[in-house]
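All remarks here apply to the structure that follows.
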Amino acid sequence: MAPGDLAPRDVLAPRAVDFESDLQTAEARSAAQKAVEPQYDYTTENAIAIAARATDRLRTRVLPIDTTFSAKLSAASQNSLLDTAIPDLSSAARKTLVGLDAARWAVVRTEAARVLDATERTELRDSEVADARSRLSGRMAGGLDERSGCLPPN
């Protein structure tokens, strides 16, 4: 026989073997997930758990700011650290943050945590998120809104 010639008889495998394709399995899982319709599953327990996770994320996110305000630093050093504490802040939010003192930051942080917790604990459908986001600053008590200059505009 020469290379490329057909075998004159069938070649049988010595045993049966199944192979599982990781790629095809992943594609099938993805297709199955996409085929599932969204399900509304709000419960008070889930809302409390979501609020707790959101509060933990907020605490982690503002830790550099808390640390900066609690340290004994010169105004220039403090402003420099605050200016870089959260890299993805808008320039307006960064300007507001740098303009705060430690006491005002404590008020803003406490009120932001309260509003976050209250928002996450209530029923919030996906279709209402944008509207709820646009009303957040209005939920801040104690003059903490865009008009007061203490919060940047949305």
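Residue numbers start at 1 in each chain; chains themselves are named A, B, ... in the order of the structure tokens; ligands are numbered from 1 in the order shown.
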- Message: Need the shell around Leu81 (chain A): protein/DNA/RNA residues with any atom at most 12 Å away, counting only C-alpha atoms. Skip same-chain ones fewer than 5 positions apart. Format as a list in words?
- Response: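 Here the qualifying residues turn out to be Pro64, Ile65, Asp66, Thr67, Thr68, Phe69, Ala71, Leu73, Ser74, Ala75, Ala76, Ile86, Pro87, Arg94, Leu97 and Val98 of chain A.
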Can you spit out the residues from that selection as a PDB file, in the first residue's frame, using N, CA, C and O atoms?
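So again_24.pdb came out as:
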ATOM      1  N   PRO A  64      -9.128  53.778  51.084  1.00  0.00           N
ATOM      2  CA  PRO A  64      -8.019  54.729  50.891  1.00  0.00           C
ATOM      3  C   PRO A  64      -8.388  56.159  51.316  1.00  0.00           C
ATOM      4  O   PRO A  64      -7.545  56.893  51.832  1.00  0.00           O
ATOM      5  N   ILE A  65      -9.634  56.538  51.132  1.00  0.00           N
ATOM      6  CA  ILE A  65     -10.069  57.881  51.532  1.00  0.00           C
ATOM      7  C   ILE A  65     -10.131  57.960  53.053  1.00  0.00           C
ATOM      8  O   ILE A  65      -9.645  58.928  53.656  1.00  0.00           O
ATOM      9  N   ASP A  66     -10.722  56.955  53.692  1.00  0.00           N
ATOM     10  CA  ASP A  66     -10.775  56.920  55.151  1.00  0.00           C
ATOM     11  C   ASP A  66      -9.369  57.007  55.750  1.00  0.00           C
ATOM     12  O   ASP A  66      -9.125  57.759  56.695  1.00  0.00           O
ATOM     13  N   THR A  67      -8.457  56.236  55.184  1.00  0.00           N
ATOM     14  CA  THR A  67      -7.081  56.211  55.676  1.00  0.00           C
ATOM     15  C   THR A  67      -6.421  57.576  55.518  1.00  0.00           C
ATOM     16  O   THR A  67      -5.733  58.057  56.420  1.00  0.00           O
ATOM     17  N   THR A  68      -6.643  58.202  54.378  1.00  0.00           N
ATOM     18  CA  THR A  68      -6.052  59.515  54.123  1.00  0.00           C
ATOM     19  C   THR A  68      -6.575  60.554  55.102  1.00  0.00           C
ATOM     20  O   THR A  68      -5.809  61.334  55.671  1.00  0.00           O
ATOM     21  N   PHE A  69      -7.889  60.564  55.325  1.00  0.00           N
ATOM     22  CA  PHE A  69      -8.451  61.547  56.247  1.00  0.00           C
ATOM     23  C   PHE A  69      -8.048  61.288  57.693  1.00  0.00           C
ATOM     24  O   PHE A  69      -7.980  62.209  58.493  1.00  0.00           O
ATOM     25  N   ALA A  71      -5.119  60.075  58.685  1.00  0.00           N
ATOM     26  CA  ALA A  71      -3.678  60.273  58.864  1.00  0.00           C
ATOM     27  C   ALA A  71      -3.372  61.743  59.146  1.00  0.00           C
ATOM     28  O   ALA A  71      -4.093  62.635  58.724  1.00  0.00           O
ATOM     29  N   LEU A  73      -1.466  64.408  58.014  1.00  0.00           N
ATOM     30  CA  LEU A  73      -0.704  64.786  56.827  1.00  0.00           C
ATOM     31  C   LEU A  73      -0.834  66.280  56.581  1.00  0.00           C
ATOM     32  O   LEU A  73      -1.798  66.911  57.009  1.00  0.00           O
ATOM     33  N   SER A  74       0.121  66.800  55.832  1.00  0.00           N
ATOM     34  CA  SER A  74      -0.007  68.193  55.400  1.00  0.00           C
ATOM     35  C   SER A  74      -1.159  68.272  54.407  1.00  0.00           C
ATOM     36  O   SER A  74      -1.552  67.263  53.798  1.00  0.00           O
ATOM     37  N   ALA A  75      -1.708  69.463  54.228  1.00  0.00           N
ATOM     38  CA  ALA A  75      -2.822  69.641  53.296  1.00  0.00           C
ATOM     39  C   ALA A  75      -2.419  69.213  51.889  1.00  0.00           C
ATOM     40  O   ALA A  75      -3.198  68.575  51.179  1.00  0.00           O
ATOM     41  N   ALA A  76      -1.210  69.540  51.491  1.00  0.00           N
ATOM     42  CA  ALA A  76      -0.749  69.182  50.140  1.00  0.00           C
ATOM     43  C   ALA A  76      -0.659  67.661  49.980  1.00  0.00           C
ATOM     44  O   ALA A  76      -1.081  67.112  48.955  1.00  0.00           O
ATOM     45  N   ILE A  86      -9.168  57.037  44.442  1.00  0.00           N
ATOM     46  CA  ILE A  86     -10.057  56.207  43.623  1.00  0.00           C
ATOM     47  C   ILE A  86      -9.844  56.647  42.180  1.00  0.00           C
ATOM     48  O   ILE A  86     -10.383  57.669  41.744  1.00  0.00           O
ATOM     49  N   PRO A  87      -9.044  55.901  41.428  1.00  0.00           N
ATOM     50  CA  PRO A  87      -8.627  56.330  40.094  1.00  0.00           C
ATOM     51  C   PRO A  87      -9.766  56.623  39.109  1.00  0.00           C
ATOM     52  O   PRO A  87      -9.620  57.490  38.255  1.00  0.00           O
ATOM     53  N   ARG A  94     -13.754  64.106  42.013  1.00  0.00           N
ATOM     54  CA  ARG A  94     -12.418  64.235  42.594  1.00  0.00           C
ATOM     55  C   ARG A  94     -12.243  65.629  43.198  1.00  0.00           C
ATOM     56  O   ARG A  94     -11.735  65.782  44.307  1.00  0.00           O
ATOM     57  N   LEU A  97     -14.171  65.778  46.420  1.00  0.00           N
ATOM     58  CA  LEU A  97     -13.505  65.004  47.461  1.00  0.00           C
ATOM     59  C   LEU A  97     -12.324  65.774  48.045  1.00  0.00           C
ATOM     60  O   LEU A  97     -12.176  65.866  49.268  1.00  0.00           O
ATOM     61  N   VAL A  98     -11.505  66.336  47.189  1.00  0.00           N
ATOM     62  CA  VAL A  98     -10.327  67.073  47.648  1.00  0.00           C
ATOM     63  C   VAL A  98     -10.752  68.298  48.467  1.00  0.00           C
ATOM     64  O   VAL A  98     -10.059  68.704  49.396  1.00  0.00           O
TER      65      VAL A  98
END
- Query: With only C-alpha atoms as the atoms that count, which of A:Val115, A:Leu23, A:Leu82, A:Leu124 lies nearest to Gly99 (chain A)?
  - Reply: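 Ranking A:Val115, A:Leu23, A:Leu82, A:Leu124 by distance to Gly99 (chain A), first place goes to A:Leu82.
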- Running DSSP on the backbone, which parts of chain A land in alpha helix (DSSP H), as number ranges by chain? A: 22-35, 44-70, 75-85, 91-98, 102-121, 129-135
Keeping C-alpha atoms for every residue in the selection just given, could you write it to a file as a CSV table (one decimal), in the first residue's frame?
chain,number,residue,atom,x,y,z
A,22,ASP,CA,-14.4,21.0,27.1
A,23,LEU,CA,-15.1,23.5,24.3
A,24,GLN,CA,-18.3,21.9,23.2
A,25,THR,CA,-19.4,21.5,26.8
A,26,ALA,CA,-18.8,25.2,27.5
A,27,GLU,CA,-20.6,26.2,24.3
A,28,ALA,CA,-23.6,24.0,25.3
A,29,ARG,CA,-23.7,25.5,28.8
A,30,SER,CA,-23.6,29.0,27.4
A,31,ALA,CA,-26.4,28.3,25.0
A,32,ALA,CA,-28.5,26.7,27.8
A,33,GLN,CA,-27.9,29.8,30.0
A,34,LYS,CA,-28.9,32.1,27.2
A,35,ALA,CA,-32.1,30.1,26.6
A,44,THR,CA,-36.3,40.2,51.7
A,45,GLU,CA,-33.6,37.8,52.6
A,46,ASN,CA,-31.9,38.2,49.2
A,47,ALA,CA,-32.2,42.0,49.4
A,48,ILE,CA,-30.5,42.0,52.9
A,49,ALA,CA,-27.7,39.8,51.6
A,50,ILE,CA,-27.2,42.0,48.5
A,51,ALA,CA,-27.2,45.1,50.7
A,52,ALA,CA,-24.5,43.6,53.0
A,53,ARG,CA,-22.3,42.7,50.0
A,54,ALA,CA,-22.8,46.3,48.6
A,55,THR,CA,-21.9,47.8,51.9
A,56,ASP,CA,-18.7,45.7,52.1
A,57,ARG,CA,-17.7,46.8,48.6
A,58,LEU,CA,-18.3,50.4,49.5
A,59,ARG,CA,-16.2,50.0,52.7
A,60,THR,CA,-13.4,48.5,50.6
A,61,ARG,CA,-13.7,51.2,47.9
A,62,VAL,CA,-13.5,54.1,50.3
A,63,LEU,CA,-10.8,52.7,52.6
A,64,PRO,CA,-8.0,54.7,50.9
A,65,ILE,CA,-10.1,57.9,51.5
A,66,ASP,CA,-10.8,56.9,55.2
A,67,THR,CA,-7.1,56.2,55.7
A,68,THR,CA,-6.1,59.5,54.1
A,69,PHE,CA,-8.5,61.5,56.2
A,70,SER,CA,-7.4,59.7,59.4
A,75,ALA,CA,-2.8,69.6,53.3
A,76,ALA,CA,-0.7,69.2,50.1
A,77,SER,CA,0.0,65.5,50.9
A,78,GLN,CA,-3.6,64.8,51.8
A,79,ASN,CA,-4.9,66.5,48.6
A,80,SER,CA,-2.4,64.5,46.6
A,81,LEU,CA,-3.5,61.2,48.1
A,82,LEU,CA,-7.2,62.1,47.8
A,83,ASP,CA,-6.7,63.0,44.2
A,84,THR,CA,-5.5,59.4,43.4
A,85,ALA,CA,-7.4,57.5,46.1
A,91,SER,CA,-13.0,65.1,37.7
A,92,ALA,CA,-16.0,66.8,39.4
A,93,ALA,CA,-16.2,64.1,42.1
A,94,ARG,CA,-12.4,64.2,42.6
A,95,LYS,CA,-12.6,68.0,43.0
A,96,THR,CA,-15.4,67.7,45.5
A,97,LEU,CA,-13.5,65.0,47.5
A,98,VAL,CA,-10.3,67.1,47.6
A,102,ALA,CA,-12.3,64.9,57.6
A,103,ALA,CA,-15.5,65.8,59.4
A,104,ARG,CA,-17.5,66.5,56.2
A,105,TRP,CA,-16.1,63.3,54.6
A,106,ALA,CA,-17.4,61.3,57.6
A,107,VAL,CA,-20.9,62.8,57.0
A,108,VAL,CA,-20.8,62.1,53.3
A,109,ARG,CA,-19.5,58.5,53.9
A,110,THR,CA,-22.1,57.7,56.5
A,111,GLU,CA,-25.0,59.1,54.4
A,112,ALA,CA,-23.8,57.3,51.3
A,113,ALA,CA,-23.7,54.0,53.2
A,114,ARG,CA,-27.2,54.7,54.5
A,115,VAL,CA,-28.6,55.5,51.1
A,116,LEU,CA,-26.8,52.5,49.5
A,117,ASP,CA,-28.2,50.1,52.2
A,118,ALA,CA,-31.7,51.5,51.9
A,119,THR,CA,-31.6,51.3,48.1
A,120,GLU,CA,-30.3,47.7,48.0
A,121,ARG,CA,-32.8,46.5,50.7
A,129,VAL,CA,-32.2,50.9,37.9
A,130,ALA,CA,-31.5,53.9,35.7
A,131,ASP,CA,-34.3,55.9,37.2
A,132,ALA,CA,-33.3,54.9,40.8
A,133,ARG,CA,-29.7,55.9,40.0
A,134,SER,CA,-30.8,59.3,38.8
A,135,ARG,CA,-32.7,59.9,42.1
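What separates CA of Asp101 (chain A) from CA of Ser137 (chain A) is a distance of 19.9 Å.
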